[in-house]
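To start, the structure itself, in structure tokens.
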2 protein chains.
Amino acid sequence: VKVSLADVAREVGVHPGTASKALNPATRFRVSAPTARRVLAAAERLGYHPNTLARGLRTRQSYSIGLIIPDLTNPLFPPIARGVEEVLGDSAYTLLVVNTDNDSRRQERQIAALRARQCDGFIVATAHRDDPFVEQAAEQQLPMVLVNRVTDARLVPAVAGDETQAVTEAVDHLVRLGHRRIAHVAGPQELSTGFGRYRAFLDAIGRNQLAGADCPVAFAGAYSEHAGVAAMRELLARPAHATAVVAGNDLLALGCLDGLDERDLRCPQDVSVVGFNDIPMMSRTSPSMTTIQLPKREIGVEAARLLLDRIADPSTIDTRRVLLQCRLVVRGSTAQPPQEG
Amino acid sequence: VKVSLADVAREVGVHPGTASKALNPATRFRVSAPTARRVLAAAERLGYHPNTLARGLRTRQSYSIGLIIPDLTNPLFPPIARGVEEVLGDSAYTLLVVNTDNDSRRQERQIAALRARQCDGFIVATAHRDDPFVEQAAEQQLPMVLVNRVTDARLVPAVAGDETQAVTEAVDHLVRLGHRRIAHVAGPQELSTGFGRYRAFLDAIGRNQLAGADCPVAFAGAYSEHAGVAAMRELLARPAHATAVVAGNDLLALGCLDGLDERDLRCPQDVSVVGFNDIPMMSRTSPSMTTIQLPKREIGVEAARLLLDRIADPSTIDTRRVLLQCRLVVRGSTAQPPQEG
């Protein structure tokens, strides 16, 4: 037999209206904390499952937040999700993570599914610089915060790392070590991270008065180890190859290591490599990876706060862009350039 | 203004009933593929969002599958999720990943939330050997498949690696290299993976006629690098320490490397280490990790198939346990034991 709200109320000895208020996260604050605890415990004990679906239909709230990520196997995203969950904490909200696998058709279908279930808001890690979905969502005033990747147009709030500051630190570090021929493996240019880091690289090369011809750029089609190998091969095909590479992210940097290995070049003795993001395990690779530490947890925390604010007050129009400071972590993959023969 | 079903039907020039069938994943097969495509395209173009919530209430189907994982930052789970998504593919189902963070209260709350939203089924990677939630779900005939971790009682179908075969291969490999003093860092004993690998270790030691006293076991409180360091310290505090360690999983194995490092012991020259799972990056650690390759993708694929079968035919009672073969991958962290002084 199905347990009813009345059963729960009877078990605790309160009015069904009180039990109902206690069971609804949105109205729980209207009853005393001890009563709420007793009602929730009794509901659990009796196996009562409030029909949130029916309630969602009335209140138009599902108490779920969707986190849309492009690649579940990229270790960049779990720490961001963790930051989000830290803020949602003991709130009534459940975080639902969906993976688009870098497929825009799939993303459309998934987001439509989540919207149909009236997800209260979205944290989106898949934005393209020009992104029709984000544009549409902004028009429809869907609560949404972008993380890591932003759109060119300021449409919704966004939290990301400060690409310019970060890449500048990486290039300055290599210049201080004595490198003059520094290459860049750029990430996909339709993403703000790929484009922003590329632009920052060109700026940093100019500011350090390095010759553009000595500082080639290879464009990777994806953020993957595979694309990193291909880019490294391209760079090594040049006559006087670079002595250092600033990679668009850590996966590309790992691919660069493989590309060097193929040609029997050693890192860092022959070529230094710098990554970006400091995903887990980068301190354990061989050599350990010098990389830019993106404040991943903090990005998640800040995004969740902005999103909850937006949900609480839907009238807010907020297009702020929060750029968090990154930090260069120097490890074993960077050293002085080899002595010129 | 809200776009209605009638608007979509008019745009395509079909009867609203046809448009409705095309828009519902469960009835889409009743209209021709070209018509379905035209209706879906028009719905997209006009910004029509069918109220799945209302439909879910009628049909009791949400077209979502919940994947419950214990730790989003453990790289074991994304490849399993990928396998699941491969099977869901272009079906109407959306995979929602929720992270319990190894917190059973949090798990209860999250699963209650997903159930209230009438998730059609669950793939559960968090099962304890004795698991009241799984028991309850089995009683209520909730479509559910366990992955990687199973319960002692056979209540629902489960897909996991063959622990016994795997640990036997690892111990045999070390014995062939000449090790006689082999330790085990056991995972949490309330989990089938921790308990099963521990039992398999004892069996393998016995079968190889090694002295139990030479083959100590340290019990780790969690599957984490931190717990691995603590276990390694405990093992190294013994008078004649082991020359090889079989760790309960890769994170524990990484912790063992750190514990050796603290004591200025080298891996593999002084102590060999074997991991379990072959999570991404294990080929890149220093030294690269000899580990058991759990067929993660295949576990996800098989689990998704079992779950979809169960959802399609809820009358099935299936408690099969599918144990997939694992493979030892020999890398740099295992070698012959040091010569006895």
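Ligands are numbered from 1 in the order shown, residues from 1 within each chain, and chains are lettered A, B, ... in the order they appear in the structure tokens.
Every protein, DNA or RNA residue with an atom at most 9 Å from Val271 (chain B), where only C-alpha atoms count and chain neighbours fewer than 6 positions away do not, is listed here: Ala242, Thr243, Ala244, Val245, Leu260, Leu265, Ser333, Thr334, Ala335, Gln336, Pro337 and Pro338 of chain B.
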Expected file: the selected residues, C-alpha atoms, as a short mmCIF file (atom, residue, chain, number, x, y, z; two decimals), in the first residue's frame:
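This went into selection06.cif:
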data_model
loop_
_atom_site.label_atom_id
_atom_site.label_comp_id
_atom_site.auth_asym_id
_atom_site.auth_seq_id
_atom_site.Cartn_x
_atom_site.Cartn_y
_atom_site.Cartn_z
CA ALA B 242 57.49 -6.56 2.00
CA THR B 243 59.22 -6.21 -1.36
CA ALA B 244 55.92 -5.86 -3.22
CA VAL B 245 52.47 -4.43 -2.56
CA LEU B 260 57.67 4.83 -0.21
CA LEU B 265 62.48 3.88 -0.91
CA SER B 333 56.13 -0.18 -11.08
CA THR B 334 56.95 -3.89 -10.81
CA ALA B 335 60.39 -5.52 -11.08
CA GLN B 336 62.48 -8.21 -9.40
CA PRO B 337 62.93 -7.79 -5.66
CA PRO B 338 66.21 -6.27 -4.46
#
Quiz prompt | Shell around Leu294 (chain B) at 10 Å using only C-alpha atoms, local window under 5 positions removed, as a VMD selection string | solution = chain B and resid 76 148 160 to 163 166 276 to 279 299 324 to 328
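By chain and then residue number, the residues within 7 Å of Val97 (chain B) are Leu96, Val97 and Val98 of chain A; Gly66, Leu67 and Ile68 of chain B, counting only C-alpha atoms and disregarding those fewer than 6 positions away in sequence.
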Quiz item: Which one is closest to Gly228 (chain B): B:Gly194, B:Gly332, B:Gly187, B:Gly206? Count only C-alpha atoms.
Solution: B:Gly187
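Using only C-alpha atoms, the nearest neighbour of chain A within the list B:Glu86, B:Asp313, B:Glu234, B:Asp172 is B:Glu86.
Separating CA of Ser20 (chain A) from CA of His49 (chain A) is a distance of 11.7 Å.
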Mind listing the alpha helix (DSSP H) residues of region 39-118 of chain A, per DSSP on the backbone, as a PDB file with C-alpha atoms, in the first residue's frame?
ATOM      1  CA  VAL A  39       8.392  14.739   9.906  1.00  0.00           C
ATOM      2  CA  LEU A  40      11.321  13.955   7.591  1.00  0.00           C
ATOM      3  CA  ALA A  41      12.404  11.053   9.795  1.00  0.00           C
ATOM      4  CA  ALA A  42       8.880   9.640   9.847  1.00  0.00           C
ATOM      5  CA  ALA A  43       8.546  10.028   6.057  1.00  0.00           C
ATOM      6  CA  GLU A  44      11.820   8.149   5.643  1.00  0.00           C
ATOM      7  CA  ARG A  45      10.785   5.444   8.133  1.00  0.00           C
ATOM      8  CA  LEU A  46       7.413   4.855   6.489  1.00  0.00           C
ATOM      9  CA  THR A  52       7.708  16.002  -6.509  1.00  0.00           C
ATOM     10  CA  LEU A  53       6.699  15.640 -10.116  1.00  0.00           C
ATOM     11  CA  ALA A  54       3.151  16.710  -9.279  1.00  0.00           C
ATOM     12  CA  ARG A  55       4.434  19.451  -7.020  1.00  0.00           C
ATOM     13  CA  GLY A  56       6.864  20.625  -9.711  1.00  0.00           C
ATOM     14  CA  LEU A  57       3.908  20.997 -12.001  1.00  0.00           C
ATOM     15  CA  ARG A  58       2.198  23.340  -9.554  1.00  0.00           C
ATOM     16  CA  THR A  59       5.187  25.320  -8.326  1.00  0.00           C
ATOM     17  CA  PHE A  77      35.268  19.106 -14.760  1.00  0.00           C
ATOM     18  CA  PRO A  78      34.875  16.946 -11.634  1.00  0.00           C
ATOM     19  CA  PRO A  79      36.628  19.489  -9.382  1.00  0.00           C
ATOM     20  CA  ILE A  80      34.330  22.229 -10.756  1.00  0.00           C
ATOM     21  CA  ALA A  81      31.318  19.998 -10.034  1.00  0.00           C
ATOM     22  CA  ARG A  82      32.646  19.484  -6.531  1.00  0.00           C
ATOM     23  CA  GLY A  83      32.728  23.224  -5.944  1.00  0.00           C
ATOM     24  CA  VAL A  84      29.121  23.495  -7.136  1.00  0.00           C
ATOM     25  CA  GLU A  85      28.041  20.684  -4.825  1.00  0.00           C
ATOM     26  CA  GLU A  86      29.791  22.318  -1.908  1.00  0.00           C
ATOM     27  CA  VAL A  87      27.466  25.310  -2.243  1.00  0.00           C
ATOM     28  CA  LEU A  88      24.319  23.290  -2.911  1.00  0.00           C
ATOM     29  CA  SER A 104      25.932  19.980 -30.171  1.00  0.00           C
ATOM     30  CA  ARG A 105      22.975  17.864 -31.349  1.00  0.00           C
ATOM     31  CA  ARG A 106      23.304  15.769 -28.265  1.00  0.00           C
ATOM     32  CA  GLN A 107      23.545  18.896 -26.116  1.00  0.00           C
ATOM     33  CA  GLU A 108      20.339  20.275 -27.611  1.00  0.00           C
ATOM     34  CA  ARG A 109      18.481  17.067 -26.907  1.00  0.00           C
ATOM     35  CA  GLN A 110      19.768  16.808 -23.353  1.00  0.00           C
ATOM     36  CA  ILE A 111      19.054  20.380 -22.447  1.00  0.00           C
ATOM     37  CA  ALA A 112      15.573  20.086 -23.932  1.00  0.00           C
ATOM     38  CA  ALA A 113      15.051  17.023 -21.738  1.00  0.00           C
ATOM     39  CA  LEU A 114      16.218  18.848 -18.625  1.00  0.00           C
ATOM     40  CA  ARG A 115      14.126  21.911 -19.462  1.00  0.00           C
ATOM     41  CA  ALA A 116      11.076  19.747 -20.004  1.00  0.00           C
TER      42      ALA A 116
END
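For Ala186 (chain A), the non-local neighbours within 7 Å, defined as residues at least 5 positions apart in the same chain or in other chains and counting only C-alpha atoms, are Gly194, Tyr198, Val217, Ala218, Phe219, Ala220, Ala247 and Gly248 of chain A.
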Shell around Arg320 (chain B) at 10 Å using only C-alpha atoms, local window under 2 positions removed, as a compact mmCIF listing (two decimals) with all heavy atoms, in the first residue's frame:
# COMPACT_ATOMS: atom_id res chain seq x y z
N VAL B 145 20.47 -1.63 -11.78
CA VAL B 145 21.60 -2.52 -12.04
C VAL B 145 22.79 -1.98 -11.25
O VAL B 145 23.03 -0.77 -11.25
CB VAL B 145 21.95 -2.57 -13.55
CG1 VAL B 145 23.18 -3.43 -13.79
CG2 VAL B 145 20.76 -3.10 -14.36
N ARG B 154 22.09 -11.56 -3.48
CA ARG B 154 21.79 -11.31 -4.88
C ARG B 154 20.39 -10.76 -4.97
O ARG B 154 19.41 -11.51 -4.88
CB ARG B 154 21.83 -12.61 -5.66
CG ARG B 154 23.19 -13.02 -6.14
CD ARG B 154 23.12 -14.44 -6.65
NE ARG B 154 24.37 -14.82 -7.29
CZ ARG B 154 24.58 -14.78 -8.60
NH1 ARG B 154 23.61 -14.40 -9.42
NH2 ARG B 154 25.73 -15.13 -9.11
N LEU B 155 20.26 -9.47 -5.16
CA LEU B 155 18.95 -8.83 -5.13
C LEU B 155 18.57 -8.27 -6.49
O LEU B 155 17.41 -8.32 -6.89
CB LEU B 155 18.95 -7.70 -4.10
CG LEU B 155 19.31 -8.15 -2.67
CD1 LEU B 155 19.66 -6.95 -1.81
CD2 LEU B 155 18.14 -8.90 -2.07
N VAL B 156 19.55 -7.72 -7.17
CA VAL B 156 19.31 -7.09 -8.47
C VAL B 156 20.48 -7.48 -9.38
O VAL B 156 21.52 -7.92 -8.90
CB VAL B 156 19.22 -5.55 -8.35
CG1 VAL B 156 18.00 -5.14 -7.55
CG2 VAL B 156 20.47 -4.96 -7.73
N PRO B 157 20.34 -7.31 -10.70
CA PRO B 157 21.46 -7.66 -11.57
C PRO B 157 22.68 -6.77 -11.29
O PRO B 157 22.53 -5.63 -10.83
CB PRO B 157 20.92 -7.42 -12.99
CG PRO B 157 19.61 -6.75 -12.85
CD PRO B 157 19.16 -6.86 -11.45
N ALA B 158 23.85 -7.32 -11.55
CA ALA B 158 25.08 -6.58 -11.28
C ALA B 158 26.12 -6.91 -12.34
O ALA B 158 26.17 -8.04 -12.84
CB ALA B 158 25.60 -6.95 -9.89
N VAL B 159 26.95 -5.92 -12.67
CA VAL B 159 28.04 -6.12 -13.61
C VAL B 159 29.32 -5.62 -12.95
O VAL B 159 29.37 -4.48 -12.48
CB VAL B 159 27.81 -5.32 -14.92
CG1 VAL B 159 28.89 -5.66 -15.94
CG2 VAL B 159 26.43 -5.58 -15.49
N LEU B 306 21.28 -4.26 -19.64
CA LEU B 306 20.45 -4.96 -18.66
C LEU B 306 19.33 -4.06 -18.15
O LEU B 306 18.19 -4.47 -17.99
CB LEU B 306 21.30 -5.45 -17.49
CG LEU B 306 22.25 -6.62 -17.75
CD1 LEU B 306 23.10 -6.92 -16.52
CD2 LEU B 306 21.44 -7.87 -18.13
N ILE B 317 12.34 -10.87 -13.46
CA ILE B 317 13.11 -10.87 -12.22
C ILE B 317 14.48 -11.40 -12.57
O ILE B 317 14.63 -12.54 -13.00
CB ILE B 317 12.44 -11.70 -11.12
CG1 ILE B 317 11.16 -10.98 -10.69
CG2 ILE B 317 13.38 -11.85 -9.92
CD1 ILE B 317 10.33 -11.77 -9.72
N ASP B 318 15.45 -10.56 -12.47
CA ASP B 318 16.78 -10.90 -12.96
C ASP B 318 17.77 -10.54 -11.86
O ASP B 318 17.87 -9.39 -11.45
CB ASP B 318 17.05 -10.06 -14.22
CG ASP B 318 18.39 -10.39 -14.87
OD1 ASP B 318 19.16 -11.17 -14.28
OD2 ASP B 318 18.65 -9.86 -15.96
N VAL B 322 27.09 -10.48 -13.69
CA VAL B 322 27.99 -10.61 -14.83
C VAL B 322 29.38 -10.19 -14.40
O VAL B 322 29.59 -9.02 -14.04
CB VAL B 322 27.51 -9.73 -16.01
CG1 VAL B 322 28.42 -9.90 -17.22
CG2 VAL B 322 26.06 -10.04 -16.37
N LEU B 323 30.33 -11.13 -14.38
CA LEU B 323 31.70 -10.81 -13.98
C LEU B 323 32.59 -10.78 -15.22
O LEU B 323 32.78 -11.80 -15.88
CB LEU B 323 32.22 -11.85 -12.98
CG LEU B 323 31.45 -11.96 -11.67
CD1 LEU B 323 32.14 -12.93 -10.72
CD2 LEU B 323 31.31 -10.58 -11.00
Self-check item: Close residues, Gly212 (chain B) itself excluded, 10 Å, only C-alpha atoms, min 2 positions apart in chain, as a list in words
Solution: Arg181, Ile182, Ala183, Leu202, Ile205, Gly206, Gln209, Leu210, Asp214, Cys215, Pro216 and Val217 of chain B
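Those residues in region 66-142 of chain A carrying a DSSP assignment of strand (DSSP E), computed from the backbone, are Gly66, Leu67, Ile68, Ile69, Thr94, Leu95, Leu96, Val97, Val98, Asn99, Gly121, Phe122, Ile123 and Val124 of chain A.
If you measure from each of A:Lys2, A:Arg207, A:Arg284, A:His179 to chain B using only C-alpha atoms, the closest one turns out to be A:Arg284.
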Quiz prompt | All residues 7 Å or closer to Ala127 (chain A), only C-alpha atoms, same chain fewer than 5 positions away omitted, as an MDAnalysis selection string | solution = chainID A and resid 149:151
